[in-house]
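K.L.:
Got a structure for you, input_32.txt, holding compact mmCIF, C-alpha atoms.
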```
# COMPACT_ATOMS: atom_id res chain seq x y z
CA MET Z 1 0.00 0.00 0.00
CA ASN Z 2 2.86 2.32 0.82
CA ASP Z 3 4.31 1.72 -2.65
CA VAL Z 4 1.00 2.76 -4.25
CA LYS Z 5 0.84 5.92 -2.14
CA ASP Z 6 4.27 6.90 -3.43
CA HIS Z 7 2.77 7.22 -6.92
CA TYR Z 8 0.32 9.89 -5.78
CA PRO Z 9 1.31 13.49 -4.96
CA ALA Z 10 1.30 14.59 -1.33
CA LYS Z 11 -0.47 17.71 -2.55
CA GLY Z 12 -2.27 18.18 -5.81
CA ARG Z 13 -4.42 15.96 -7.99
CA VAL Z 14 -4.23 13.10 -10.47
CA ILE Z 15 -6.49 13.61 -13.50
CA ILE Z 16 -7.39 11.34 -16.41
CA HIS Z 17 -8.82 12.56 -19.69
CA LEU Z 18 -10.59 9.68 -21.43
CA ASP Z 19 -11.32 10.14 -25.14
CA MET Z 20 -12.93 7.55 -27.41
CA ASN Z 21 -11.25 7.10 -30.81
CA ALA Z 22 -13.44 7.72 -33.91
CA PHE Z 23 -16.35 7.07 -31.58
CA TYR Z 24 -19.30 6.72 -33.97
CA CYS Z 25 -17.44 4.46 -36.38
CA SER Z 26 -16.00 2.46 -33.48
CA VAL Z 27 -19.51 1.86 -32.13
CA HIS Z 28 -20.66 0.47 -35.48
CA GLU Z 29 -17.54 -1.71 -35.68
CA ALA Z 30 -18.21 -3.03 -32.17
CA GLU Z 31 -21.81 -3.80 -33.12
CA GLN Z 32 -21.04 -5.43 -36.50
CA PRO Z 33 -17.36 -6.37 -36.69
CA GLU Z 34 -18.07 -8.77 -39.55
CA TYR Z 35 -18.99 -5.75 -41.72
CA TYR Z 36 -16.81 -2.95 -40.43
CA LYS Z 37 -13.70 -4.24 -38.61
CA ASP Z 38 -10.55 -2.58 -40.01
CA LYS Z 39 -12.56 -1.24 -42.98
CA PRO Z 40 -12.63 2.38 -44.19
CA THR Z 41 -15.96 3.58 -42.77
CA ALA Z 42 -17.62 6.95 -42.26
CA VAL Z 43 -20.76 8.25 -40.63
CA SER Z 44 -22.45 10.80 -42.86
CA GLY Z 45 -24.32 13.75 -41.42
CA SER Z 46 -27.05 13.84 -44.05
CA MET Z 47 -29.83 11.45 -44.87
CA GLU Z 48 -28.90 11.95 -48.51
CA GLU Z 49 -25.47 10.58 -47.80
CA ARG Z 50 -23.75 11.49 -51.04
CA LYS Z 51 -24.66 15.15 -50.53
CA GLY Z 52 -23.75 15.31 -46.86
CA ILE Z 53 -20.50 15.71 -44.97
CA ILE Z 54 -18.32 13.24 -43.10
CA VAL Z 55 -19.20 13.48 -39.41
CA THR Z 56 -16.47 11.04 -38.44
CA CYS Z 57 -14.44 8.36 -40.16
CA SER Z 58 -12.45 5.32 -39.08
CA TYR Z 59 -8.67 5.39 -38.85
CA ALA Z 60 -8.55 3.06 -41.86
CA ALA Z 61 -10.42 5.73 -43.83
CA ARG Z 62 -8.18 8.49 -42.52
CA ARG Z 63 -5.11 6.66 -43.79
CA LEU Z 64 -6.70 6.76 -47.25
CA GLY Z 65 -7.22 10.53 -47.20
CA VAL Z 66 -10.73 10.83 -45.78
CA LYS Z 67 -11.19 13.62 -43.23
CA THR Z 68 -13.85 14.80 -40.82
CA GLY Z 69 -15.94 17.61 -42.34
CA MET Z 70 -15.14 16.57 -45.90
CA PRO Z 71 -18.06 16.42 -48.36
CA VAL Z 72 -19.10 12.81 -48.92
CA LYS Z 73 -18.68 13.17 -52.68
CA GLN Z 74 -15.04 14.19 -52.24
CA ALA Z 75 -14.45 11.41 -49.70
CA LEU Z 76 -15.75 8.79 -52.15
CA LYS Z 77 -13.39 10.09 -54.84
CA ARG Z 78 -10.43 9.67 -52.50
CA CYS Z 79 -11.66 6.33 -51.18
CA PRO Z 80 -14.14 4.57 -53.50
CA GLU Z 81 -14.36 1.60 -51.13
CA LEU Z 82 -15.52 3.86 -48.25
CA LEU Z 83 -18.48 2.34 -46.39
CA LEU Z 84 -21.06 5.00 -45.51
CA ILE Z 85 -23.13 4.50 -42.36
CA LYS Z 86 -26.27 6.30 -41.28
CA PRO Z 87 -26.00 7.79 -37.78
CA ASP Z 88 -27.78 6.02 -34.93
CA PHE Z 89 -27.68 8.28 -31.89
CA ASN Z 90 -29.68 5.93 -29.68
CA LEU Z 91 -26.88 3.41 -30.17
CA TYR Z 92 -24.18 6.02 -29.52
CA ARG Z 93 -25.86 7.08 -26.29
CA GLN Z 94 -26.02 3.44 -25.17
CA TYR Z 95 -22.27 2.99 -25.71
CA SER Z 96 -21.54 6.37 -24.11
CA GLN Z 97 -23.43 5.38 -20.98
CA GLY Z 98 -21.54 2.08 -21.04
CA PHE Z 99 -18.01 3.48 -20.96
CA MET Z 100 -19.02 6.26 -18.54
CA SER Z 101 -20.37 3.57 -16.20
CA ILE Z 102 -16.99 1.84 -16.23
CA ALA Z 103 -15.25 5.17 -15.51
CA ARG Z 104 -17.48 5.73 -12.48
CA GLN Z 105 -16.36 2.40 -11.04
CA PHE Z 106 -12.94 3.96 -10.49
CA THR Z 107 -14.11 7.26 -8.98
CA PRO Z 108 -17.33 9.21 -8.42
CA MET Z 109 -15.46 12.28 -9.67
CA VAL Z 110 -16.32 11.87 -13.38
CA GLU Z 111 -17.10 14.92 -15.53
CA PRO Z 112 -18.67 14.17 -18.92
CA VAL Z 113 -17.51 16.65 -21.55
CA SER Z 114 -19.38 15.25 -24.54
CA ILE Z 115 -20.83 11.97 -25.72
CA ASP Z 116 -17.35 10.46 -26.20
CA GLU Z 117 -15.05 11.98 -23.57
CA CYS Z 118 -14.81 12.67 -19.86
CA TYR Z 119 -12.43 13.67 -17.09
CA LEU Z 120 -11.76 11.55 -13.99
CA ASP Z 121 -10.21 12.79 -10.77
CA ILE Z 122 -8.57 9.66 -9.34
CA THR Z 123 -6.70 11.39 -6.51
CA GLY Z 124 -8.77 9.46 -3.98
CA SER Z 125 -8.59 6.09 -5.78
CA LYS Z 126 -5.39 4.78 -4.20
CA LEU Z 127 -7.01 1.50 -3.14
CA LEU Z 128 -7.45 0.62 -6.83
CA GLY Z 129 -3.77 0.87 -7.70
CA THR Z 130 -1.28 3.37 -9.04
CA PRO Z 131 -2.52 6.04 -11.48
CA LEU Z 132 -0.89 4.19 -14.38
CA GLU Z 133 -2.47 0.87 -13.33
CA ILE Z 134 -5.89 2.52 -13.11
CA ALA Z 135 -5.49 4.11 -16.55
CA GLU Z 136 -4.38 0.83 -18.12
CA THR Z 137 -7.24 -1.11 -16.50
CA LEU Z 138 -9.78 1.52 -17.55
CA GLN Z 139 -8.62 1.45 -21.15
CA HIS Z 140 -8.52 -2.37 -21.22
CA ARG Z 141 -12.00 -2.78 -19.76
CA ILE Z 142 -13.58 -0.34 -22.21
CA ARG Z 143 -11.88 -2.20 -25.06
CA THR Z 144 -12.90 -5.68 -23.90
CA GLU Z 145 -16.38 -4.92 -22.51
CA TRP Z 146 -17.58 -2.47 -25.14
CA GLY Z 147 -15.18 -3.01 -28.03
CA LEU Z 148 -14.18 0.67 -28.06
CA PRO Z 149 -10.64 1.99 -28.56
CA SER Z 150 -9.71 5.00 -26.46
CA SER Z 151 -6.87 7.36 -25.73
CA ILE Z 152 -6.00 8.40 -22.20
CA GLY Z 153 -4.08 11.37 -20.85
CA LEU Z 154 -2.75 11.18 -17.27
CA ALA Z 155 -1.66 14.45 -15.69
CA PRO Z 156 -1.84 16.69 -12.59
CA ASN Z 157 -4.66 18.82 -14.08
CA LYS Z 158 -7.40 18.83 -16.70
CA LEU Z 159 -5.52 20.97 -19.22
CA LEU Z 160 -2.49 18.70 -19.38
CA ALA Z 161 -4.62 15.54 -19.28
CA LYS Z 162 -6.50 16.78 -22.36
CA MET Z 163 -3.25 17.69 -24.14
CA ALA Z 164 -1.80 14.27 -23.28
CA SER Z 165 -4.77 12.28 -24.60
CA ASP Z 166 -4.43 14.05 -27.95
CA MET Z 167 -0.76 13.13 -28.33
CA HIS Z 168 -1.16 9.46 -29.28
CA LYS Z 169 -4.22 8.14 -31.13
CA PRO Z 170 -5.63 5.58 -31.38
CA MET Z 171 -5.20 3.57 -28.16
CA GLY Z 172 -2.62 5.89 -26.64
CA LEU Z 173 -1.82 6.24 -22.95
CA THR Z 174 0.29 9.32 -22.28
CA VAL Z 175 1.61 10.72 -19.00
CA LEU Z 176 2.27 14.47 -19.02
CA ARG Z 177 3.88 16.02 -15.96
CA LEU Z 178 4.44 19.70 -15.24
CA ARG Z 179 8.17 19.22 -15.63
CA ASP Z 180 7.58 17.80 -19.12
CA VAL Z 181 5.80 20.92 -20.43
CA PRO Z 182 8.87 22.86 -21.67
CA ARG Z 183 10.29 19.82 -23.47
CA LEU Z 184 7.06 18.49 -24.99
CA LEU Z 185 4.86 21.54 -25.53
CA TRP Z 186 6.85 24.75 -25.82
CA ASP Z 187 7.94 24.19 -29.41
CA LYS Z 188 4.33 23.68 -30.60
CA PRO Z 189 2.15 26.45 -32.13
CA CYS Z 190 -0.06 28.42 -29.75
CA GLY Z 191 -3.15 27.12 -31.52
CA THR Z 192 -2.40 23.60 -30.28
CA LEU Z 193 -2.82 24.70 -26.64
CA PHE Z 194 -6.25 23.52 -25.56
CA GLY Z 195 -8.55 26.52 -25.07
CA ILE Z 196 -6.89 28.78 -27.65
CA GLY Z 197 -8.99 29.15 -30.78
CA GLY Z 198 -8.02 30.12 -34.29
CA LYS Z 199 -8.72 33.85 -33.94
CA THR Z 200 -6.77 34.10 -30.70
CA ALA Z 201 -3.85 32.24 -32.26
CA GLU Z 202 -3.89 34.66 -35.22
CA LYS Z 203 -3.85 37.64 -32.88
CA LEU Z 204 -0.93 36.11 -30.97
CA GLN Z 205 0.98 35.69 -34.23
CA LYS Z 206 0.50 39.37 -35.00
CA LEU Z 207 2.12 40.04 -31.62
CA ASN Z 208 5.04 37.83 -32.75
CA ILE Z 209 4.03 35.07 -30.34
CA HIS Z 210 4.05 31.86 -32.38
CA SER Z 211 4.88 29.02 -30.00
CA ILE Z 212 3.62 27.94 -26.60
CA GLY Z 213 7.10 28.62 -25.22
CA GLN Z 214 6.97 32.21 -26.48
CA LEU Z 215 3.54 32.57 -24.89
CA ALA Z 216 4.95 31.27 -21.59
CA ALA Z 217 7.69 33.92 -21.74
CA ALA Z 218 5.38 36.78 -22.81
CA ASP Z 219 4.73 39.76 -20.57
CA GLU Z 220 1.55 39.08 -18.60
CA ALA Z 221 0.53 42.76 -18.41
CA MET Z 222 0.74 42.98 -22.20
CA LEU Z 223 -1.36 39.83 -22.62
CA ILE Z 224 -4.01 41.18 -20.25
CA LYS Z 225 -4.07 44.48 -22.12
CA GLN Z 226 -4.57 42.65 -25.44
CA PHE Z 227 -6.92 39.83 -24.34
CA GLY Z 228 -8.39 40.82 -20.97
CA VAL Z 229 -8.49 38.24 -18.19
CA ILE Z 230 -7.95 35.42 -20.68
CA GLY Z 231 -4.44 36.80 -21.21
CA ALA Z 232 -3.42 35.82 -17.68
CA TRP Z 233 -5.02 32.40 -18.17
CA MET Z 234 -3.08 31.83 -21.42
CA LYS Z 235 0.25 32.55 -19.78
CA SER Z 236 -0.53 30.15 -16.93
CA ALA Z 237 -1.76 27.50 -19.38
CA ALA Z 238 1.44 27.82 -21.41
CA HIS Z 239 3.28 26.81 -18.22
CA GLY Z 240 0.88 23.85 -17.81
CA ILE Z 241 -0.96 25.40 -14.88
CA ASP Z 242 -4.72 24.79 -14.57
CA HIS Z 243 -6.78 24.92 -11.38
CA ALA Z 244 -10.19 23.93 -12.83
CA PRO Z 245 -11.68 21.07 -10.77
CA VAL Z 246 -13.32 17.97 -12.18
CA ASN Z 247 -17.02 18.70 -11.81
CA PRO Z 248 -19.26 15.60 -11.71
CA ASP Z 249 -22.34 17.85 -11.68
CA ARG Z 250 -21.57 18.97 -15.21
CA ALA Z 251 -23.79 16.11 -16.41
CA ARG Z 252 -26.65 18.60 -16.20
CA SER Z 253 -26.86 20.18 -19.64
CA LYS Z 254 -25.11 23.52 -19.97
CA SER Z 255 -26.80 23.95 -23.31
CA ILE Z 256 -29.45 22.22 -25.34
CA GLY Z 257 -29.37 22.37 -29.10
CA HIS Z 258 -29.92 20.83 -32.48
CA THR Z 259 -28.50 21.45 -35.92
CA THR Z 260 -29.21 20.05 -39.33
CA THR Z 261 -26.79 19.70 -42.22
CA LEU Z 262 -28.56 20.38 -45.49
CA PRO Z 263 -28.12 18.15 -48.58
CA ASN Z 264 -28.40 21.23 -50.79
CA ASP Z 265 -27.50 24.82 -50.03
CA VAL Z 266 -30.49 26.84 -48.81
CA THR Z 267 -30.93 30.45 -49.90
CA GLU Z 268 -34.65 31.20 -49.51
CA GLN Z 269 -35.88 32.84 -46.30
CA GLU Z 270 -39.03 30.70 -46.28
CA ASP Z 271 -36.93 27.53 -46.20
CA VAL Z 272 -34.67 28.96 -43.49
CA PHE Z 273 -37.65 29.84 -41.30
CA ARG Z 274 -39.12 26.35 -41.63
CA ILE Z 275 -35.81 24.78 -40.60
CA LEU Z 276 -35.45 27.17 -37.64
CA LEU Z 277 -38.99 26.29 -36.53
CA ASN Z 278 -38.22 22.56 -36.53
CA LEU Z 279 -34.99 23.16 -34.62
CA SER Z 280 -36.73 25.46 -32.12
CA ASP Z 281 -39.49 22.90 -31.67
CA GLN Z 282 -37.12 20.12 -30.64
CA THR Z 283 -34.87 22.27 -28.44
CA GLY Z 284 -38.00 23.52 -26.66
CA ARG Z 285 -39.22 19.95 -26.21
CA ARG Z 286 -35.96 18.85 -24.62
CA LEU Z 287 -35.86 21.97 -22.45
CA ARG Z 288 -39.32 21.26 -21.02
CA ARG Z 289 -38.61 17.55 -20.64
CA GLN Z 290 -35.61 18.35 -18.45
CA LYS Z 291 -37.70 20.90 -16.51
CA LEU Z 292 -35.32 23.71 -17.43
CA ALA Z 293 -35.74 27.28 -18.65
CA ALA Z 294 -33.37 29.16 -20.96
CA SER Z 295 -32.28 32.79 -20.92
CA THR Z 296 -30.15 32.80 -24.08
CA VAL Z 297 -30.93 31.74 -27.65
CA GLN Z 298 -28.09 31.11 -30.10
CA VAL Z 299 -28.13 30.37 -33.82
CA THR Z 300 -25.35 28.62 -35.75
CA ILE Z 301 -24.99 29.19 -39.50
CA ARG Z 302 -22.44 27.41 -41.68
CA ARG Z 303 -21.50 28.33 -45.23
CA PRO Z 304 -20.74 25.81 -47.99
CA ASP Z 305 -17.01 26.51 -47.45
CA MET Z 306 -17.49 25.30 -43.82
CA THR Z 307 -16.91 28.72 -42.23
CA THR Z 308 -19.31 29.09 -39.33
CA ILE Z 309 -20.81 31.95 -37.37
CA THR Z 310 -22.66 31.78 -34.04
CA ARG Z 311 -24.73 34.64 -32.71
CA SER Z 312 -26.73 34.78 -29.49
CA HIS Z 313 -29.17 37.01 -27.65
CA THR Z 314 -30.02 36.98 -23.96
CA LEU Z 315 -33.70 37.46 -23.25
CA GLY Z 316 -35.16 39.81 -20.70
CA THR Z 317 -36.72 36.82 -18.94
CA ALA Z 318 -36.18 33.06 -19.08
CA THR Z 319 -38.48 30.97 -21.26
CA GLN Z 320 -39.60 27.43 -22.02
CA SER Z 321 -41.67 28.47 -25.03
CA THR Z 322 -40.99 27.15 -28.54
CA GLU Z 323 -42.67 30.32 -29.82
CA ASP Z 324 -40.18 32.53 -27.95
CA ILE Z 325 -37.22 30.42 -29.04
CA ASN Z 326 -38.26 30.47 -32.69
CA ARG Z 327 -38.95 34.22 -32.66
CA GLU Z 328 -35.48 34.98 -31.28
CA ALA Z 329 -33.81 32.55 -33.69
CA ARG Z 330 -35.47 34.30 -36.65
CA LYS Z 331 -34.43 37.72 -35.37
CA LEU Z 332 -30.82 36.60 -34.98
CA PHE Z 333 -30.81 35.10 -38.46
CA LEU Z 334 -32.25 38.21 -40.12
CA LYS Z 335 -29.83 40.46 -38.23
CA HIS Z 336 -26.65 38.52 -38.98
CA TRP Z 337 -27.12 36.94 -42.41
CA LYS Z 338 -27.12 38.56 -45.83
CA ALA Z 339 -30.25 37.68 -47.79
CA GLY Z 340 -29.59 35.15 -50.53
CA ASP Z 341 -26.24 33.88 -49.23
CA PRO Z 342 -26.13 30.05 -49.37
CA ILE Z 343 -26.36 28.03 -46.15
CA ARG Z 344 -25.12 24.47 -45.55
CA LEU Z 345 -26.00 24.06 -41.86
CA LEU Z 346 -28.36 25.69 -39.36
CA GLY Z 347 -28.54 25.24 -35.60
CA VAL Z 348 -30.46 26.54 -32.60
CA THR Z 349 -28.99 26.29 -29.10
CA LEU Z 350 -30.40 27.30 -25.72
CA GLN Z 351 -27.96 28.49 -23.06
CA ASN Z 352 -27.95 29.91 -19.53
CA LEU Z 353 -30.20 27.12 -18.35
CA ALA Z 354 -31.78 26.94 -14.91
CA PRO Z 355 -34.28 24.62 -13.21
CA VAL Z 356 -37.86 25.80 -13.68
CA GLU Z 357 -38.46 25.84 -9.93
CA ASP Z 358 -35.61 28.37 -9.55
CA THR Z 359 -36.82 30.61 -12.38
CA ALA Z 360 -39.02 33.68 -12.15
CA PHE Z 361 -41.09 34.01 -15.32
CA GLN Z 362 -42.20 37.49 -16.27
CA LEU Z 363 -45.68 37.84 -17.75
CA ASP Z 364 -46.27 40.27 -20.60
CA LEU Z 365 -48.59 43.12 -19.57
CA PHE Z 366 -50.68 42.78 -22.74
CA SER Z 367 -50.92 39.00 -23.00
CA TYR Z 368 -50.83 37.72 -19.42
CA GLU Z 369 -54.45 36.57 -19.63
CA GLU Z 370 -53.60 34.35 -22.61
CA GLN Z 371 -50.45 32.85 -21.09
CA PRO Z 372 -52.15 30.13 -18.98
CA LYS Z 373 -54.04 28.97 -22.07
CA LYS Z 374 -50.81 28.82 -24.09
CA ASP Z 375 -49.06 26.91 -21.30
CA ALA Z 376 -51.93 24.43 -21.09
CA LEU Z 377 -51.89 23.91 -24.85
CA THR Z 378 -48.13 23.35 -24.85
CA LYS Z 379 -48.46 20.85 -22.00
CA THR Z 380 -51.19 18.95 -23.85
CA MET Z 381 -49.14 18.85 -27.07
CA ASP Z 382 -46.11 17.58 -25.15
CA GLN Z 383 -48.20 14.85 -23.52
CA LEU Z 384 -49.59 13.74 -26.88
CA ARG Z 385 -46.12 13.56 -28.41
CA ASP Z 386 -44.75 11.73 -25.36
CA ARG Z 387 -47.45 9.11 -25.83
CA PHE Z 388 -47.82 8.85 -29.60
CA GLY Z 389 -44.46 10.06 -30.94
CA GLU Z 390 -42.88 13.33 -32.00
CA ASP Z 391 -44.86 13.50 -35.27
CA ALA Z 392 -48.23 13.20 -33.50
CA VAL Z 393 -48.74 16.99 -33.38
CA LEU Z 394 -47.12 19.23 -35.98
CA THR Z 395 -47.82 22.69 -37.29
CA ALA Z 396 -48.00 23.37 -41.02
CA GLY Z 397 -44.81 25.40 -40.82
CA MET Z 398 -42.82 22.32 -39.78
CA LEU Z 399 -43.61 20.32 -42.92
CA GLY Z 400 -41.02 20.05 -45.66
CA ASP Z 401 -38.52 17.73 -47.33
CA ASP Z 402 -35.26 18.91 -45.74
CA PRO Z 403 -33.42 17.05 -42.95
CA SER Z 404 -34.79 19.41 -40.27
CA THR Z 405 -38.11 17.56 -40.57
CA LEU Z 406 -36.31 14.38 -39.49
CA ILE Z 407 -34.77 15.58 -36.23
CA ARG Z 408 -37.72 14.23 -34.29
CA ASN Z 409 -36.31 10.77 -35.06
CA LYS Z 410 -33.87 10.14 -32.19
CA ARG Z 411 -32.04 7.39 -34.05
CA ILE Z 412 -30.73 9.72 -36.75
CA ARG Z 413 -30.24 13.03 -34.99
CA GLY Z 414 -27.35 14.37 -32.99
CA THR Z 415 -27.62 16.33 -29.78
CA SER Z 416 -25.44 18.87 -28.10
CA LEU Z 417 -24.83 18.55 -24.38
CA GLN Z 418 -22.21 21.19 -23.85
CA LYS Z 419 -20.59 22.73 -26.87
CA ASP Z 420 -22.31 25.06 -29.27
CA ASP Z 421 -20.41 23.66 -32.24
CA SER Z 422 -21.19 20.02 -31.55
CA LEU Z 423 -24.88 20.08 -32.25
CA LEU Z 424 -24.37 17.80 -35.18
CA TYR Z 425 -21.53 16.15 -33.36
CA ILE Z 426 -18.38 16.13 -35.49
CA ASP Z 427 -16.12 13.54 -33.95
CA GLU Z 428 -12.40 14.21 -34.02
```
Spell out the structure here as structure tokens.

P.N.:
Amino acid sequence: MNDVKDHYPAKGRVIIHLDMNAFYCSVHEAEQPEYYKDKPTAVSGSMEERKGIIVTCSYAARRLGVKTGMPVKQALKRCPELLLIKPDFNLYRQYSQGFMSIARQFTPMVEPVSIDECYLDITGSKLLGTPLEIAETLQHRIRTEWGLPSSIGLAPNKLLAKMASDMHKPMGLTVLRLRDVPRLLWDKPCGTLFGIGGKTAEKLQKLNIHSIGQLAAADEAMLIKQFGVIGAWMKSAAHGIDHAPVNPDRARSKSIGHTTTLPNDVTEQEDVFRILLNLSDQTGRRLRRQKLAASTVQVTIRRPDMTTITRSHTLGTATQSTEDINREARKLFLKHWKAGDPIRLLGVTLQNLAPVEDTAFQLDLFSYEEQPKKDALTKTMDQLRDRFGEDAVLTAGMLGDDPSTLIRNKRIRGTSLQKDDSLLYIDE
């Protein structure tokens, strides 16, 4: 026992970042190895697969030039033998719950990040072995019990654990200590530091800060002047310092959203509004089902060249209403999109969520008498759809032939639990 204790710090934490490899494709391979084992496979984000994009692809496909986010047509040119698979999110959720359940057998301190990754704080798990033994056992059990390959990062904090898990894929197990940061990270571009996005990396380059090592050596006052409080965080992160705790309560949704990838570019406002209504309908349904209210509505719009914008608006009062969600989504779209520009993807996300019982709803002075009737109607519609299916009650504005009309089918839709850009979950 004393030997095991020696592998844990006297002060500080031991953190694992667990990341499934090519999760969606790996799930299908685990389910039907006779069809998919070691084959180039891809899950396509559109029901009309040849017009959609690659949501994720197997490592066999990646070796043949297929990439996440690539149009299916281009992927098939690079890899004619590519096997296209329709998404099955019920199945993915089942496998996600499976590997998360194994993780929780090592510690109650498990923080889900998305459907295919989580953090574990194993500081208090000494009775189960050394950190390396726990990581190896965790990886082995997920592989043998669920057939899923994974990569694991083992580090003193969440930032370095995430960086470590990305270093070796698939089936990597990487230990990254604070003392290793200068040798292993400082020569890498700033954009590879987890938490620094493309625009921030570009701004750093303009300041002649290109590598993580240069960021670590940069003047903190200058960084704060240029980036605000995030400047101080970036300098600390460049040194491998991160104090964020593993939060097992994060399982409660921080956002609720849906997107749809369109088989053909959409340019007409009428079509856009129908899609936004379908997306608002399903986000509202999930919001009410979880007994939450939202204060912020966000829209995501992606161009055919894959550039994406997200715009949000915080309401004066929280809402559960599909009508309110759809109205704000339309306003955001009209304000931030040039009429006639082609659109490849649309999404609606609800943020700043709070339990209904903790929320004060503000009644409109001119419509407060109608509100109880609207609430009763919404409740009745929800009950009918709970009993008879999502298509039991639809408005005329929801009907169409684009993929947004299909998001009520849970087998073929994606969901976003945390990140606004993972509504149609693109698996790295």

K.L.:
With a distance cut-off of 10 Å and only C-alpha atoms, select the neighbouring residues of Leu120 of chain Z, excluding the residue or stretch itself and same-chain residues fewer than 3 positions from it, and output the selection as a PyMOL selection string.

P.N.:
chain Z and resi 14-18+103-104+106-112+123+154+158+161+246-248

K.L.:
Looking at Z:Glu81, Z:Glu31, Z:Glu136, Z:Asp187, which one is nearest to Leu148 of chain Z, with distances taken over all atoms listed in the file?

P.N.:
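Of the candidates, the smallest distance to Leu148 of chain Z is held by Z:Glu31.
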
K.L.:
For each of Z:Lys162, Z:His336, Z:Ala238, Z:Ala30, take the minimum atom-to-atom distance to Thr300 of chain Z, counting only C-alpha atoms, then give the residue where this is smallest.

P.N.:
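For Thr300 of chain Z, the nearest of the given residues is Z:His336.
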
K.L.:
Using the file's own x, y and z axes, what box holds all listed atoms of segment 210-222 of chain Z with 5 Å on each side, keeping edges along x, y and z, and what are its centre and edge lengths in Å to one decimal, as AutoDock Vina command-line options?

P.N.:
```
--center_x 4.1 --center_y 35.5 --center_z -25.4 --size_x 17.2 --size_y 25.0 --size_z 24.0
```

K.L.:
Could you build a table of the residues in segment 4-25 of chain Z lying no more than 12 Å from segment 60-68 of chain Z, giving for each the nearest pair of atoms and their separation in Å rounded to one decimal place, using all atoms listed in the file, ordered by chain and ascending residue number, as JSON lines?

P.N.:
```
{"residue": "Z:Ala22", "atom": "CA", "partner": "Z:Thr68", "partner_atom": "CA", "distance": 9.9}
{"residue": "Z:Tyr24", "atom": "CA", "partner": "Z:Thr68", "partner_atom": "CA", "distance": 11.9}
{"residue": "Z:Cys25", "atom": "CA", "partner": "Z:Ala61", "partner_atom": "CA", "distance": 10.3}
```

K.L.:
Report, in Å to a single decimal, how far apart atom CA of Ser255 of chain Z and atom CA of Arg327 of chain Z are.

P.N.:
18.5 Å

K.L.:
Starting from the point (-14.9, 15.5, -52.6), work out which residues of protein, DNA or RNA have an atom no more than 12 Å away when counting only C-alpha atoms; state them as number ranges by chain.

P.N.:
Z: 50-54, 65-80

K.L.:
Just to confirm, what's the straight-line distance from atom CA of Asp88 of chain Z to atom CA of Gln290 of chain Z in Å (one decimal)?

P.N.:
22.0 Å

K.L.:
At a cut-off of 9 Å, using all atoms listed in the file, what residues contact Met163 of chain Z? Leave out same-chain residues fewer than 6 positions from it and give the result as a list in words.

P.N.:
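Surrounding residues, per the criterion: His17, Gly153, Leu176, Thr192, Leu193 and Phe194 of chain Z.
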
K.L.:
Excluding segment 301-307 of chain Z and any residue of its chain fewer than 5 positions from it, enumerate the residues within 9 Å of it, using all atoms listed in the file, and give them as a PDB file with C-alpha atoms, keeping the file's coordinate frame.

P.N.:
```pdb
ATOM      1  CA  GLY Z  69     -15.940  17.610 -42.340  1.00  0.00           C
ATOM      2  CA  THR Z 261     -26.790  19.700 -42.220  1.00  0.00           C
ATOM      3  CA  ASP Z 265     -27.500  24.820 -50.030  1.00  0.00           C
ATOM      4  CA  PHE Z 333     -30.810  35.100 -38.460  1.00  0.00           C
ATOM      5  CA  TRP Z 337     -27.120  36.940 -42.410  1.00  0.00           C
ATOM      6  CA  ASP Z 341     -26.240  33.880 -49.230  1.00  0.00           C
ATOM      7  CA  PRO Z 342     -26.130  30.050 -49.370  1.00  0.00           C
ATOM      8  CA  ILE Z 343     -26.360  28.030 -46.150  1.00  0.00           C
ATOM      9  CA  ARG Z 344     -25.120  24.470 -45.550  1.00  0.00           C
ATOM     10  CA  LEU Z 345     -26.000  24.060 -41.860  1.00  0.00           C
ATOM     11  CA  LEU Z 346     -28.360  25.690 -39.360  1.00  0.00           C
ATOM     12  CA  GLY Z 347     -28.540  25.240 -35.600  1.00  0.00           C
TER      13      GLY Z 347
END
```

K.L.:
Restricting the calculation to only C-alpha atoms: of Z:Arg141, Z:Val4, Z:Phe23, Z:Glu270, which residue gets closest to Gly129 of chain Z?

P.N.:
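Nearest to Gly129 of chain Z: Z:Val4.
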
K.L.:
Calculate how many Å separate atom CA of His7 of chain Z from atom CA of Glu133 of chain Z, rounding to one decimal.

P.N.:
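Interatomic distance, atom CA of His7 of chain Z to atom CA of Glu133 of chain Z: 10.4 Å.
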
K.L.:
Using only C-alpha atoms, find the one residue out of Z:Leu292, Z:Asn21, Z:Gly197, Z:His140 that sits nearest to Glu117 of chain Z.

P.N.:
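Among Z:Leu292, Z:Asn21, Z:Gly197, Z:His140, it is Z:Asn21 that comes nearest to Glu117 of chain Z.
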
K.L.:
I'd like the neighbourhood of Gly284 of chain Z as JSON, numbers by chain, where a residue qualifies if any of its atoms comes within 12 Å (using all atoms listed in the file), though same-chain residues fewer than 4 positions away should be ignored.

P.N.:
{"Z": [255, 256, 257, 258, 276, 277, 278, 279, 280, 288, 289, 290, 291, 292, 293, 294, 297, 319, 320, 321, 322, 323, 324, 325, 326, 348, 349, 350, 351, 353, 378, 379, 382]}
